[in-house]
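See structure below.
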Amino acid sequence: MSAAQKSSHAPVRTALIGAGGRMGAMLCARAAAAGLTVAGADQPLTPASLDAACAQAELVLICVPAAVFEEVARRVIPHLPPTAVLADITSVKEQPLRQMEKVWPGPVVGTHPLFGPRPDPEADLPVAVIPGHKATEEHVRLAEGFFTALGCRTFRTTAEKH
C-alpha cells in the first residue's frame, strides 16, 4: 500500500473507464504520480478490456460524456466486483446518479471535478462529492480518498444543490 493510500483512504485499486479521454487521461496520470494503482479501459470497451480494468477494483470511476453515460454504465456493470463503489465525473449529478443506481445494486458516489483536463499546477482543485442512496461513509471516503491522493480538495453536496 502506497503512502497516498494509507494517508487518504484511497482505494487499493481503481478502474478508470474512459481512460483515453482528456479528463480520464489526466486522472490516470495524476493517480500514477501519486502512487495509486489504476487500471484503465477505453474505446472499444470490450468484455476483455473491462474484465481486466475492473478486476479487484474497489472504486470504478466512469469518465465519459453525459450523452453516452448510461450506455457505458450498462456495459461496465457486468464486470464489476460485487463490492465495488461505482462513481462518475460528469458535471450534472441528478441524472447520472439515478442512472448508476438503476443499473448497479451496490454503492454509488457521484463526483464532479470543478476543473478541466489541464489544471494550473498551483490551482485549487475542488471536487464535488455526492453520496448515492446506498453509499455508506466508508464508500464516500473511498471516492474522496482517490481525489485527495491526487491533490484535490473534496467537498460534499447533494445532487439537487450541485
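Letters A, B, ... mark the chains of the C-alpha cells in the order given; residue numbers begin at 1 per chain; ligand numbers begin at 1, in order shown.
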
Using only C-alpha atoms, which residues of segment 2-97 of chain A come within 9 Å of segment 117-134 of chain A, and what is the closest atom pair for each, with the distance in Å to one decimal? Give it as CSV, sorted by chain and residue number.
```
residue,atom,partner,partner_atom,distance
A:Arg22,CA,A:Pro117,CA,5.6
A:Met23,CA,A:Pro117,CA,4.8
A:Gly24,CA,A:Pro117,CA,8.2
A:Ala25,CA,A:Pro117,CA,8.1
A:Met26,CA,A:Pro117,CA,5.8
A:Leu27,CA,A:Pro117,CA,8.2
A:Lys93,CA,A:Ile130,CA,7.9
A:Leu97,CA,A:Gly132,CA,6.7
```

Residues as selected, N, CA and C atoms, written as a short mmCIF file (atom, residue, chain, number, x, y, z; two decimals), in the first residue's frame, can you do that?
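Output file result_28.cif follows:
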```
data_model
loop_
_atom_site.label_atom_id
_atom_site.label_comp_id
_atom_site.auth_asym_id
_atom_site.auth_seq_id
_atom_site.Cartn_x
_atom_site.Cartn_y
_atom_site.Cartn_z
N ARG A 22 -9.74 13.14 -22.30
CA ARG A 22 -8.95 14.22 -21.69
C ARG A 22 -8.94 14.14 -20.17
N MET A 23 -10.13 14.07 -19.56
CA MET A 23 -10.18 14.00 -18.09
C MET A 23 -9.67 12.65 -17.59
N GLY A 24 -10.06 11.58 -18.25
CA GLY A 24 -9.62 10.26 -17.84
C GLY A 24 -8.11 10.12 -17.88
N ALA A 25 -7.50 10.59 -18.96
CA ALA A 25 -6.04 10.51 -19.08
C ALA A 25 -5.36 11.35 -18.00
N MET A 26 -5.89 12.54 -17.73
CA MET A 26 -5.32 13.40 -16.69
C MET A 26 -5.42 12.73 -15.32
N LEU A 27 -6.58 12.15 -15.02
CA LEU A 27 -6.75 11.48 -13.72
C LEU A 27 -5.83 10.27 -13.60
N LYS A 93 -25.46 16.02 -11.97
CA LYS A 93 -25.41 14.95 -10.97
C LYS A 93 -26.70 14.16 -10.84
N LEU A 97 -26.55 9.96 -11.27
CA LEU A 97 -26.77 9.20 -10.03
C LEU A 97 -27.94 8.24 -10.19
#
```

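The set of residues in segment 2-123 of chain A assigned to strand (DSSP E or B) by DSSP, using only backbone atoms of this structure, is A:Arg13, A:Thr14, A:Ala15, A:Leu16, A:Ile17, A:Thr37, A:Val38, A:Ala39, A:Gly40, A:Ala41, A:Leu59, A:Val60, A:Leu61, A:Ile62, A:Val85, A:Leu86, A:Ala87, A:Asp88, A:Val108, A:Val109, A:Gly110, A:Thr111, A:His112, A:Pro113.
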
What's the 9 Å shell around Ala15 of chain A, counting only C-alpha atoms, without same-chain residues fewer than 4 positions away, as a PDB file with N, CA, C and O atoms, in the first residue's frame?
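Written out: around.pdb:
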```
ATOM      1  N   ALA A  19     -10.377   6.083 -19.902  1.00  0.00           N
ATOM      2  CA  ALA A  19      -9.005   6.467 -19.556  1.00  0.00           C
ATOM      3  C   ALA A  19      -8.273   7.175 -20.686  1.00  0.00           C
ATOM      4  O   ALA A  19      -7.271   7.839 -20.443  1.00  0.00           O
ATOM      5  N   THR A  37      -2.769   2.616  -7.677  1.00  0.00           N
ATOM      6  CA  THR A  37      -2.917   1.580  -8.688  1.00  0.00           C
ATOM      7  C   THR A  37      -4.208   1.823  -9.441  1.00  0.00           C
ATOM      8  O   THR A  37      -5.294   1.743  -8.860  1.00  0.00           O
ATOM      9  N   VAL A  38      -4.071   2.157 -10.728  1.00  0.00           N
ATOM     10  CA  VAL A  38      -5.225   2.437 -11.569  1.00  0.00           C
ATOM     11  C   VAL A  38      -5.116   1.614 -12.840  1.00  0.00           C
ATOM     12  O   VAL A  38      -4.065   1.575 -13.473  1.00  0.00           O
ATOM     13  N   ALA A  39      -6.212   0.959 -13.199  1.00  0.00           N
ATOM     14  CA  ALA A  39      -6.301   0.241 -14.466  1.00  0.00           C
ATOM     15  C   ALA A  39      -7.309   0.978 -15.326  1.00  0.00           C
ATOM     16  O   ALA A  39      -8.404   1.309 -14.859  1.00  0.00           O
ATOM     17  N   GLY A  40      -6.951   1.251 -16.553  1.00  0.00           N
ATOM     18  CA  GLY A  40      -7.837   1.995 -17.430  1.00  0.00           C
ATOM     19  C   GLY A  40      -8.405   1.159 -18.539  1.00  0.00           C
ATOM     20  O   GLY A  40      -7.811   0.165 -18.963  1.00  0.00           O
ATOM     21  N   ALA A  41      -9.562   1.575 -19.010  1.00  0.00           N
ATOM     22  CA  ALA A  41     -10.187   0.988 -20.194  1.00  0.00           C
ATOM     23  C   ALA A  41     -10.755   2.129 -21.017  1.00  0.00           C
ATOM     24  O   ALA A  41     -11.204   3.137 -20.468  1.00  0.00           O
ATOM     25  N   LEU A  50     -12.750  -4.597 -20.213  1.00  0.00           N
ATOM     26  CA  LEU A  50     -13.477  -4.250 -18.981  1.00  0.00           C
ATOM     27  C   LEU A  50     -13.163  -5.238 -17.864  1.00  0.00           C
ATOM     28  O   LEU A  50     -13.015  -4.836 -16.706  1.00  0.00           O
ATOM     29  N   ALA A  53      -9.688  -4.236 -16.561  1.00  0.00           N
ATOM     30  CA  ALA A  53      -9.678  -2.975 -15.810  1.00  0.00           C
ATOM     31  C   ALA A  53     -10.398  -3.101 -14.475  1.00  0.00           C
ATOM     32  O   ALA A  53      -9.945  -2.560 -13.465  1.00  0.00           O
ATOM     33  N   CYS A  54     -11.506  -3.806 -14.457  1.00  0.00           N
ATOM     34  CA  CYS A  54     -12.353  -3.856 -13.258  1.00  0.00           C
ATOM     35  C   CYS A  54     -11.959  -4.935 -12.254  1.00  0.00           C
ATOM     36  O   CYS A  54     -12.435  -4.921 -11.117  1.00  0.00           O
ATOM     37  N   ALA A  55     -11.103  -5.854 -12.638  1.00  0.00           N
ATOM     38  CA  ALA A  55     -10.716  -6.945 -11.743  1.00  0.00           C
ATOM     39  C   ALA A  55     -10.203  -6.389 -10.422  1.00  0.00           C
ATOM     40  O   ALA A  55      -9.285  -5.576 -10.395  1.00  0.00           O
ATOM     41  N   GLN A  56     -10.822  -6.780  -9.336  1.00  0.00           N
ATOM     42  CA  GLN A  56     -10.432  -6.428  -7.976  1.00  0.00           C
ATOM     43  C   GLN A  56     -10.487  -4.931  -7.671  1.00  0.00           C
ATOM     44  O   GLN A  56      -9.890  -4.461  -6.701  1.00  0.00           O
ATOM     45  N   ALA A  57     -11.212  -4.163  -8.482  1.00  0.00           N
ATOM     46  CA  ALA A  57     -11.318  -2.717  -8.248  1.00  0.00           C
ATOM     47  C   ALA A  57     -12.230  -2.440  -7.058  1.00  0.00           C
ATOM     48  O   ALA A  57     -13.301  -3.022  -6.939  1.00  0.00           O
ATOM     49  N   GLU A  58     -11.777  -1.557  -6.210  1.00  0.00           N
ATOM     50  CA  GLU A  58     -12.617  -1.079  -5.106  1.00  0.00           C
ATOM     51  C   GLU A  58     -13.477   0.094  -5.553  1.00  0.00           C
ATOM     52  O   GLU A  58     -14.581   0.278  -5.067  1.00  0.00           O
ATOM     53  N   LEU A  59     -12.915   0.895  -6.453  1.00  0.00           N
ATOM     54  CA  LEU A  59     -13.601   2.062  -6.985  1.00  0.00           C
ATOM     55  C   LEU A  59     -13.559   1.978  -8.503  1.00  0.00           C
ATOM     56  O   LEU A  59     -12.495   1.729  -9.081  1.00  0.00           O
ATOM     57  N   VAL A  60     -14.714   2.155  -9.152  1.00  0.00           N
ATOM     58  CA  VAL A  60     -14.788   2.178 -10.609  1.00  0.00           C
ATOM     59  C   VAL A  60     -15.331   3.550 -10.989  1.00  0.00           C
ATOM     60  O   VAL A  60     -16.463   3.896 -10.654  1.00  0.00           O
ATOM     61  N   LEU A  61     -14.498   4.331 -11.652  1.00  0.00           N
ATOM     62  CA  LEU A  61     -14.799   5.717 -11.979  1.00  0.00           C
ATOM     63  C   LEU A  61     -15.055   5.835 -13.478  1.00  0.00           C
ATOM     64  O   LEU A  61     -14.160   5.592 -14.288  1.00  0.00           O
ATOM     65  N   ILE A  62     -16.286   6.199 -13.835  1.00  0.00           N
ATOM     66  CA  ILE A  62     -16.649   6.345 -15.240  1.00  0.00           C
ATOM     67  C   ILE A  62     -16.426   7.796 -15.655  1.00  0.00           C
ATOM     68  O   ILE A  62     -17.014   8.714 -15.091  1.00  0.00           O
TER      69      ILE A  62
END
```

For a quick check of understanding, using only C-alpha atoms, which of A:Pro113, A:Pro96, A:Pro44, A:Pro11 has the smallest distance to Glu70 of chain A?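 The closest residue to Glu70 of chain A is A:Pro96.
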
DSSP alpha helix (DSSP H) residues within chain A, listed as number ranges by chain: A: 3-8, 22-33, 47-54, 69-76, 94-103, 137-149

Excluding segment 141-146 of chain A and its own-chain neighbours fewer than 4 positions away, which residues fall within 9 Å of it when counting only C-alpha atoms? Please give them as a ChimeraX atom specification. /A:4-5,7-11,14,31,36,58-59,61,85,87,109-111,127,129,136-137,150,152-155
